[in-house]
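Structure file final_4.txt; described as compact mmCIF, N, CA and C atoms.
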```txt
# COMPACT_ATOMS: atom_id res chain seq x y z
N MET A 1 135.34 104.84 87.91
CA MET A 1 135.07 104.24 86.62
C MET A 1 135.24 105.30 85.54
N GLY A 2 136.02 105.01 84.52
CA GLY A 2 136.25 105.96 83.45
C GLY A 2 135.07 106.02 82.48
N HIS A 3 134.99 107.12 81.79
CA HIS A 3 133.94 107.28 80.79
C HIS A 3 134.48 106.83 79.44
N ARG A 4 133.61 106.21 78.66
CA ARG A 4 134.04 105.76 77.34
C ARG A 4 134.34 106.96 76.46
N TYR A 5 133.53 108.02 76.57
CA TYR A 5 133.69 109.22 75.76
C TYR A 5 133.86 110.42 76.69
N PRO A 6 135.04 110.64 77.25
CA PRO A 6 135.22 111.72 78.21
C PRO A 6 135.43 113.08 77.56
N PHE A 7 135.21 113.21 76.27
CA PHE A 7 135.58 114.42 75.55
C PHE A 7 134.57 115.55 75.71
N VAL A 8 133.29 115.25 75.81
CA VAL A 8 132.29 116.30 75.94
C VAL A 8 132.26 116.71 77.40
N LEU A 9 132.59 117.95 77.66
CA LEU A 9 132.73 118.41 79.02
C LEU A 9 131.43 118.95 79.62
N TRP A 10 130.51 119.41 78.79
CA TRP A 10 129.34 120.07 79.34
C TRP A 10 128.13 119.93 78.42
N THR A 11 127.05 119.51 78.96
CA THR A 11 125.72 119.64 78.37
C THR A 11 124.77 119.75 79.54
N ARG A 12 123.72 120.51 79.38
CA ARG A 12 122.76 120.71 80.46
C ARG A 12 121.71 119.61 80.40
N LEU A 13 121.63 118.81 81.44
CA LEU A 13 120.63 117.76 81.54
C LEU A 13 119.75 118.11 82.74
N LEU A 14 118.67 118.82 82.46
CA LEU A 14 117.77 119.29 83.51
C LEU A 14 116.54 118.40 83.60
N PRO A 15 115.95 118.29 84.79
CA PRO A 15 114.76 117.44 84.95
C PRO A 15 113.63 117.76 83.98
N ASP A 16 113.40 119.04 83.69
CA ASP A 16 112.31 119.37 82.77
C ASP A 16 112.57 118.84 81.37
N ARG A 17 113.84 118.67 81.01
CA ARG A 17 114.17 118.12 79.69
C ARG A 17 114.00 116.61 79.65
N LEU A 18 114.00 115.98 80.80
CA LEU A 18 113.83 114.53 80.84
C LEU A 18 112.36 114.13 80.81
N ARG A 19 111.46 115.07 81.04
CA ARG A 19 110.02 114.77 81.05
C ARG A 19 109.43 114.74 79.65
N LYS A 20 110.14 115.19 78.69
CA LYS A 20 109.66 115.21 77.30
C LYS A 20 110.73 114.61 76.42
N PRO A 21 110.44 114.38 75.16
CA PRO A 21 111.50 113.83 74.30
C PRO A 21 112.77 114.68 74.42
N PRO A 22 113.91 114.03 74.47
CA PRO A 22 115.16 114.73 74.81
C PRO A 22 115.82 115.46 73.66
N PHE A 23 115.06 116.00 72.73
CA PHE A 23 115.68 116.62 71.57
C PHE A 23 116.66 117.72 71.97
N ARG A 24 116.27 118.59 72.89
CA ARG A 24 117.15 119.71 73.25
C ARG A 24 118.46 119.21 73.83
N PHE A 25 118.40 118.17 74.66
CA PHE A 25 119.64 117.60 75.21
C PHE A 25 120.52 117.08 74.08
N LEU A 26 119.93 116.34 73.13
CA LEU A 26 120.71 115.81 72.01
C LEU A 26 121.28 116.94 71.16
N PHE A 27 120.48 117.97 70.93
CA PHE A 27 120.93 119.13 70.17
C PHE A 27 122.12 119.79 70.87
N ASP A 28 122.00 119.99 72.19
CA ASP A 28 123.09 120.60 72.94
C ASP A 28 124.34 119.73 72.91
N ALA A 29 124.18 118.42 72.96
CA ALA A 29 125.33 117.52 72.92
C ALA A 29 126.07 117.63 71.59
N VAL A 30 125.35 117.59 70.48
CA VAL A 30 126.02 117.66 69.18
C VAL A 30 126.60 119.06 68.97
N ALA A 31 125.96 120.10 69.49
CA ALA A 31 126.51 121.45 69.38
C ALA A 31 127.82 121.55 70.16
N GLU A 32 127.87 120.96 71.35
CA GLU A 32 129.09 121.00 72.15
C GLU A 32 130.22 120.22 71.47
N VAL A 33 129.91 119.08 70.89
CA VAL A 33 130.92 118.32 70.15
C VAL A 33 131.45 119.17 69.00
N ALA A 34 130.56 119.84 68.28
CA ALA A 34 130.98 120.69 67.16
C ALA A 34 131.86 121.84 67.65
N ARG A 35 131.49 122.46 68.77
CA ARG A 35 132.30 123.56 69.31
C ARG A 35 133.69 123.08 69.73
N GLN A 36 133.76 121.93 70.38
CA GLN A 36 135.04 121.46 70.91
C GLN A 36 135.96 120.86 69.87
N THR A 37 135.39 120.27 68.83
CA THR A 37 136.23 119.55 67.88
C THR A 37 136.37 120.23 66.53
N GLY A 38 135.47 121.13 66.22
CA GLY A 38 135.50 121.75 64.91
C GLY A 38 134.98 120.84 63.82
N ILE A 39 134.32 119.72 64.21
CA ILE A 39 133.73 118.83 63.21
C ILE A 39 132.86 119.68 62.28
N ASP A 40 132.86 119.37 61.01
CA ASP A 40 132.18 120.20 60.02
C ASP A 40 130.66 120.11 60.19
N ALA A 41 130.15 120.85 61.15
CA ALA A 41 128.72 120.85 61.43
C ALA A 41 128.07 122.19 61.07
N ALA A 42 128.78 123.03 60.33
CA ALA A 42 128.25 124.35 59.99
C ALA A 42 126.92 124.25 59.25
N GLU A 43 126.78 123.21 58.42
CA GLU A 43 125.53 123.03 57.68
C GLU A 43 124.37 122.74 58.63
N LEU A 44 124.65 122.02 59.71
CA LEU A 44 123.60 121.71 60.68
C LEU A 44 123.12 122.96 61.41
N PHE A 45 124.06 123.84 61.73
CA PHE A 45 123.76 124.99 62.57
C PHE A 45 123.65 126.29 61.80
N GLY A 46 123.81 126.26 60.51
CA GLY A 46 123.78 127.49 59.72
C GLY A 46 125.01 128.35 60.00
N GLY A 47 126.13 127.72 60.26
CA GLY A 47 127.38 128.39 60.61
C GLY A 47 127.94 127.73 61.84
N PRO A 48 129.03 128.24 62.38
CA PRO A 48 129.58 127.63 63.59
C PRO A 48 128.57 127.75 64.74
N PRO A 49 128.40 126.70 65.53
CA PRO A 49 127.44 126.81 66.63
C PRO A 49 127.96 127.80 67.67
N GLY A 50 127.15 128.77 67.99
CA GLY A 50 127.56 129.76 68.98
C GLY A 50 127.49 129.18 70.38
N GLU A 51 127.75 130.02 71.36
CA GLU A 51 127.71 129.58 72.75
C GLU A 51 126.35 129.01 73.10
N LYS A 52 125.29 129.59 72.58
CA LYS A 52 123.95 129.09 72.83
C LYS A 52 123.24 128.99 71.48
N ALA A 53 123.48 127.92 70.77
CA ALA A 53 122.89 127.72 69.45
C ALA A 53 121.37 127.58 69.57
N ALA A 54 120.65 128.16 68.63
CA ALA A 54 119.19 128.09 68.64
C ALA A 54 118.73 126.75 68.07
N ALA A 55 117.98 126.02 68.86
CA ALA A 55 117.47 124.71 68.43
C ALA A 55 116.25 124.90 67.53
N PRO A 56 116.06 123.99 66.59
CA PRO A 56 114.85 124.04 65.78
C PRO A 56 113.61 123.91 66.66
N GLY A 57 112.52 124.54 66.25
CA GLY A 57 111.31 124.51 67.07
C GLY A 57 110.25 123.55 66.57
N ALA A 58 109.95 123.61 65.29
CA ALA A 58 108.87 122.79 64.73
C ALA A 58 109.35 121.35 64.53
N PHE A 59 108.41 120.43 64.60
CA PHE A 59 108.73 119.01 64.44
C PHE A 59 109.49 118.76 63.14
N GLU A 60 109.02 119.33 62.04
CA GLU A 60 109.66 119.11 60.74
C GLU A 60 111.09 119.64 60.73
N GLU A 61 111.32 120.77 61.40
CA GLU A 61 112.67 121.33 61.48
C GLU A 61 113.59 120.42 62.30
N LYS A 62 113.05 119.85 63.37
CA LYS A 62 113.82 118.93 64.19
C LYS A 62 114.18 117.68 63.41
N VAL A 63 113.22 117.14 62.66
CA VAL A 63 113.48 115.96 61.84
C VAL A 63 114.56 116.28 60.81
N ALA A 64 114.47 117.45 60.18
CA ALA A 64 115.47 117.84 59.18
C ALA A 64 116.85 117.97 59.83
N PHE A 65 116.91 118.50 61.05
CA PHE A 65 118.18 118.60 61.77
C PHE A 65 118.77 117.22 62.02
N VAL A 66 117.95 116.29 62.50
CA VAL A 66 118.44 114.94 62.79
C VAL A 66 118.87 114.25 61.49
N GLU A 67 118.14 114.45 60.40
CA GLU A 67 118.56 113.88 59.12
C GLU A 67 119.94 114.39 58.73
N GLY A 68 120.17 115.70 58.90
CA GLY A 68 121.49 116.27 58.61
C GLY A 68 122.56 115.74 59.54
N TRP A 69 122.21 115.56 60.80
CA TRP A 69 123.14 115.02 61.80
C TRP A 69 123.55 113.59 61.42
N ILE A 70 122.57 112.78 61.04
CA ILE A 70 122.86 111.40 60.61
C ILE A 70 123.79 111.42 59.39
N ALA A 71 123.48 112.29 58.43
CA ALA A 71 124.30 112.38 57.22
C ALA A 71 125.73 112.82 57.56
N LEU A 72 125.89 113.74 58.51
CA LEU A 72 127.21 114.19 58.93
C LEU A 72 128.01 113.04 59.52
N ALA A 73 127.41 112.31 60.45
CA ALA A 73 128.12 111.18 61.08
C ALA A 73 128.40 110.08 60.07
N ALA A 74 127.42 109.78 59.23
CA ALA A 74 127.61 108.72 58.23
C ALA A 74 128.70 109.10 57.22
N GLY A 75 128.72 110.36 56.82
CA GLY A 75 129.74 110.81 55.88
C GLY A 75 131.14 110.73 56.46
N ALA A 76 131.27 111.03 57.74
CA ALA A 76 132.58 110.98 58.39
C ALA A 76 133.05 109.56 58.65
N LEU A 77 132.11 108.65 58.93
CA LEU A 77 132.49 107.28 59.29
C LEU A 77 132.42 106.31 58.13
N GLY A 78 131.67 106.64 57.10
CA GLY A 78 131.55 105.74 55.95
C GLY A 78 131.01 104.38 56.33
N GLU A 79 131.66 103.35 55.84
CA GLU A 79 131.21 101.97 56.08
C GLU A 79 131.29 101.55 57.54
N LEU A 80 132.06 102.26 58.34
CA LEU A 80 132.16 101.91 59.76
C LEU A 80 130.83 102.06 60.48
N ALA A 81 129.96 102.88 59.94
CA ALA A 81 128.66 103.12 60.58
C ALA A 81 127.52 102.91 59.60
N ALA A 82 127.56 101.81 58.89
CA ALA A 82 126.54 101.52 57.89
C ALA A 82 125.14 101.46 58.50
N HIS A 83 125.06 101.14 59.78
CA HIS A 83 123.75 101.01 60.43
C HIS A 83 123.09 102.36 60.71
N LEU A 84 123.80 103.47 60.50
CA LEU A 84 123.17 104.77 60.68
C LEU A 84 121.99 104.97 59.73
N ALA A 85 122.02 104.29 58.59
CA ALA A 85 120.91 104.40 57.64
C ALA A 85 119.62 103.84 58.23
N ARG A 86 119.74 103.05 59.29
CA ARG A 86 118.57 102.44 59.92
C ARG A 86 117.98 103.31 61.03
N VAL A 87 118.63 104.41 61.37
CA VAL A 87 118.13 105.30 62.42
C VAL A 87 116.97 106.13 61.88
N SER A 88 115.88 106.17 62.61
CA SER A 88 114.70 106.95 62.21
C SER A 88 114.77 108.34 62.85
N PRO A 89 114.91 109.39 62.04
CA PRO A 89 114.91 110.74 62.61
C PRO A 89 113.64 111.05 63.41
N GLN A 90 112.50 110.54 62.96
CA GLN A 90 111.25 110.77 63.68
C GLN A 90 111.31 110.14 65.07
N ASP A 91 111.86 108.93 65.17
CA ASP A 91 111.99 108.28 66.48
C ASP A 91 112.92 109.06 67.39
N ILE A 92 114.00 109.60 66.84
CA ILE A 92 114.93 110.39 67.65
C ILE A 92 114.22 111.63 68.19
N VAL A 93 113.51 112.34 67.33
CA VAL A 93 112.82 113.57 67.74
C VAL A 93 111.74 113.27 68.78
N CYS A 94 111.03 112.18 68.62
CA CYS A 94 109.95 111.83 69.54
C CYS A 94 110.43 111.16 70.82
N GLY A 95 111.70 110.85 70.90
CA GLY A 95 112.23 110.19 72.09
C GLY A 95 111.92 108.71 72.15
N VAL A 96 111.60 108.13 71.00
CA VAL A 96 111.29 106.71 70.91
C VAL A 96 112.58 105.95 70.59
N ARG A 97 112.73 104.77 71.13
CA ARG A 97 113.87 103.90 70.84
C ARG A 97 115.19 104.59 71.17
N PRO A 98 115.40 104.92 72.45
CA PRO A 98 116.60 105.66 72.85
C PRO A 98 117.90 104.94 72.54
N GLU A 99 117.85 103.62 72.34
CA GLU A 99 119.09 102.92 72.01
C GLU A 99 119.66 103.41 70.68
N TRP A 100 118.78 103.84 69.75
CA TRP A 100 119.26 104.36 68.48
C TRP A 100 119.77 105.78 68.62
N ALA A 101 119.18 106.57 69.53
CA ALA A 101 119.72 107.90 69.82
C ALA A 101 121.12 107.76 70.42
N ASN A 102 121.29 106.80 71.30
CA ASN A 102 122.59 106.54 71.91
C ASN A 102 123.60 106.13 70.83
N TYR A 103 123.17 105.28 69.91
CA TYR A 103 124.05 104.85 68.82
C TYR A 103 124.48 106.07 67.99
N LEU A 104 123.54 106.97 67.71
CA LEU A 104 123.87 108.17 66.94
C LEU A 104 124.87 109.03 67.70
N LEU A 105 124.70 109.18 69.00
CA LEU A 105 125.66 109.94 69.81
C LEU A 105 127.04 109.28 69.78
N GLN A 106 127.08 107.96 69.89
CA GLN A 106 128.37 107.26 69.87
C GLN A 106 129.04 107.40 68.50
N CYS A 107 128.26 107.32 67.45
CA CYS A 107 128.83 107.51 66.10
C CYS A 107 129.35 108.94 65.93
N THR A 108 128.64 109.90 66.51
CA THR A 108 129.08 111.30 66.45
C THR A 108 130.43 111.45 67.15
N ALA A 109 130.58 110.83 68.30
CA ALA A 109 131.87 110.87 69.01
C ALA A 109 132.97 110.23 68.18
N SER A 110 132.67 109.10 67.55
CA SER A 110 133.66 108.43 66.70
C SER A 110 134.05 109.29 65.51
N ALA A 111 133.08 110.02 64.95
CA ALA A 111 133.35 110.90 63.82
C ALA A 111 134.16 112.12 64.25
N ALA A 112 133.88 112.62 65.44
CA ALA A 112 134.54 113.84 65.92
C ALA A 112 135.98 113.59 66.36
N TRP A 113 136.24 112.40 66.87
CA TRP A 113 137.58 112.05 67.34
C TRP A 113 138.07 110.82 66.57
N PRO A 114 138.31 110.95 65.25
CA PRO A 114 138.72 109.79 64.46
C PRO A 114 140.03 109.21 64.97
N GLY A 115 140.09 107.91 64.92
CA GLY A 115 141.30 107.22 65.35
C GLY A 115 141.33 106.90 66.83
N SER A 116 140.59 107.65 67.64
CA SER A 116 140.63 107.38 69.08
C SER A 116 139.49 106.47 69.51
N LEU A 117 138.45 106.38 68.69
CA LEU A 117 137.29 105.55 69.00
C LEU A 117 136.91 104.77 67.75
N GLY A 118 136.56 103.55 67.91
CA GLY A 118 136.05 102.78 66.78
C GLY A 118 134.55 103.01 66.66
N ALA A 119 133.99 102.62 65.56
CA ALA A 119 132.53 102.73 65.40
C ALA A 119 131.85 101.76 66.37
N PRO A 120 130.84 102.22 67.07
CA PRO A 120 130.16 101.35 68.02
C PRO A 120 129.28 100.32 67.32
N PRO A 121 129.00 99.20 67.98
CA PRO A 121 128.05 98.25 67.39
C PRO A 121 126.65 98.85 67.45
N SER A 122 125.85 98.59 66.44
CA SER A 122 124.49 99.12 66.44
C SER A 122 123.65 98.33 67.44
N PRO A 123 122.57 98.93 67.92
CA PRO A 123 121.69 98.22 68.84
C PRO A 123 121.19 96.89 68.29
N SER A 124 120.88 96.84 67.00
CA SER A 124 120.37 95.59 66.43
C SER A 124 121.45 94.53 66.33
N GLN A 125 122.72 94.93 66.29
CA GLN A 125 123.80 93.95 66.31
C GLN A 125 123.90 93.32 67.70
N LEU A 126 123.62 94.11 68.72
CA LEU A 126 123.68 93.63 70.10
C LEU A 126 122.44 92.83 70.47
N ASP A 127 121.28 93.24 69.96
CA ASP A 127 120.01 92.60 70.29
C ASP A 127 119.09 92.73 69.07
N PRO A 128 118.88 91.66 68.31
CA PRO A 128 118.05 91.73 67.09
C PRO A 128 116.64 92.25 67.32
N SER A 129 116.13 92.16 68.54
CA SER A 129 114.78 92.68 68.80
C SER A 129 114.74 94.20 68.75
N LEU A 130 115.90 94.84 68.71
CA LEU A 130 115.97 96.30 68.68
C LEU A 130 116.07 96.86 67.26
N ALA A 131 115.88 96.03 66.28
CA ALA A 131 115.93 96.50 64.90
C ALA A 131 114.90 97.61 64.71
N PRO A 132 115.28 98.70 64.03
CA PRO A 132 114.34 99.80 63.85
C PRO A 132 113.15 99.40 62.99
N ARG A 133 112.07 100.11 63.23
CA ARG A 133 110.88 99.89 62.42
C ARG A 133 111.09 100.41 61.02
N SER A 134 110.34 99.91 60.08
CA SER A 134 110.41 100.40 58.70
C SER A 134 109.92 101.84 58.67
N ARG A 135 110.57 102.62 57.82
CA ARG A 135 110.15 104.04 57.70
C ARG A 135 108.97 104.15 56.80
```
How would this structure read if it were set down as structure tokens?
Amino acid sequence: MGHRYPFVLWTRLLPDRLRKPPFRFLFDAVAEVARQTGIDAAELFGGPPGEKAAAPGAFEEKVAFVEGWIALAAGALGELAAHLARVSPQDIVCGVRPEWANYLLQCTASAAWPGSLGAPPSPSQLDPSLAPRSR
């Protein structure tokens, strides 16, 4: 079975990272996309992401990172990903509502490889019960 997004070759998914909110995994995934594609993520990482980019530590720093990540994907996709405005950075950081984290990852792939992937449907388009909570 082929992968929908076979472009990201490596991210570390370790059991200890699955026991807590998956922020580090998500951080590593977007860092790897930035390294492989050159997507303009320098603002997110304070420069080009190095081989082992330092992840934010404090909750507020993580939320700010996710806000920047959402803005990066939304800016690259424009109207194709209008539902990104509905993603809650706090939910992403806390590991709540993983369908929206998945949507953000799919939008990131679409932004990084324009023309090869269309914008994915948002979770609420697929299932209205998955609409994000009000911020």
Smallest atom-to-atom distance to Ala85 in chain A: which of A:Ile39, A:Leu105, A:Leu44, A:Ile70, using only N, CA and C atoms?
->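 Among the listed residues, A:Ile70 lies closest to Ala85 in chain A.
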For Leu26 in chain A, list every protein, DNA or RNA residue within 9 Å, evaluated using only C-alpha atoms, and leave out those in the same chain fewer than 4 positions away; present the list as a CSV table (one decimal) with N, CA and C atoms, in the frame of the given file.
```csv
chain,number,residue,atom,x,y,z
A,11,THR,N,127.0,119.5,79.0
A,11,THR,CA,125.7,119.6,78.4
A,11,THR,C,124.8,119.8,79.5
A,22,PRO,N,113.9,114.0,74.5
A,22,PRO,CA,115.2,114.7,74.8
A,22,PRO,C,115.8,115.5,73.7
A,30,VAL,N,125.4,117.6,70.5
A,30,VAL,CA,126.0,117.7,69.2
A,30,VAL,C,126.6,119.1,69.0
A,31,ALA,N,126.0,120.1,69.5
A,31,ALA,CA,126.5,121.4,69.4
A,31,ALA,C,127.8,121.6,70.2
A,101,ALA,N,119.2,106.6,69.5
A,101,ALA,CA,119.7,107.9,69.8
A,101,ALA,C,121.1,107.8,70.4
A,105,LEU,N,124.7,109.2,69.0
A,105,LEU,CA,125.7,109.9,69.8
A,105,LEU,C,127.0,109.3,69.8
```
Measure the distance from CA of Pro49 in chain A to atom C of Gln36 in chain A in Å and round it to one decimal.
->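 Distance between the two atoms: 10.9 Å.
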All alpha helix (DSSP H) positions in range 41-131 of chain A, as a PyMOL selection string = chain A and resi 42-45+59-77+89-94+98-112+123-126
Centre and size of axis-aligned box enclosing range 53-66 of chain A plus 6 Å each side, as JSON:
```
{"center_x": 115.9, "center_y": 121.2, "center_z": 65.0, "size_x": 27.1, "size_y": 25.9, "size_z": 23.6}
```
Place a sphere of radius 6 Å on (120.3, 101.0, 67.1) in the file coordinates and name every protein, DNA or RNA residue with an atom inside or on its surface, counting only C-alpha atoms; give the answer as an NGL selection string.
-> :A and (99-100 or 103 or 122-124)
Hey, can you check how far atom N of Leu80 in chain A sits from atom C of Cys107 in chain A?
->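 Separation between atom N of Leu80 in chain A and atom C of Cys107 in chain A: 10.5 Å.
Residues with any atom within 8 Å of Pro89 in chain A, counting only C-alpha atoms and excluding same-chain neighbours fewer than 5 positions away, are Val63, Ala64, Val66 and Glu67 of chain A.
A straight line drawn from atom N of Phe59 in chain A to atom C of Asn102 in chain A is 21.8 Å long.
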Judged by only C-alpha atoms, the minimum distance to Phe65 in chain A among A:Asp40, A:Phe23, A:Ala34, A:Gly95 is found for A:Phe23
Would you please work out which residue, of A:Arg86, A:Phe25, A:Pro121, A:Thr108, is nearest to Leu72 in chain A when using all atoms listed in the file?
->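 With all atoms listed in the file as the atom set, the closest residue is A:Thr108.
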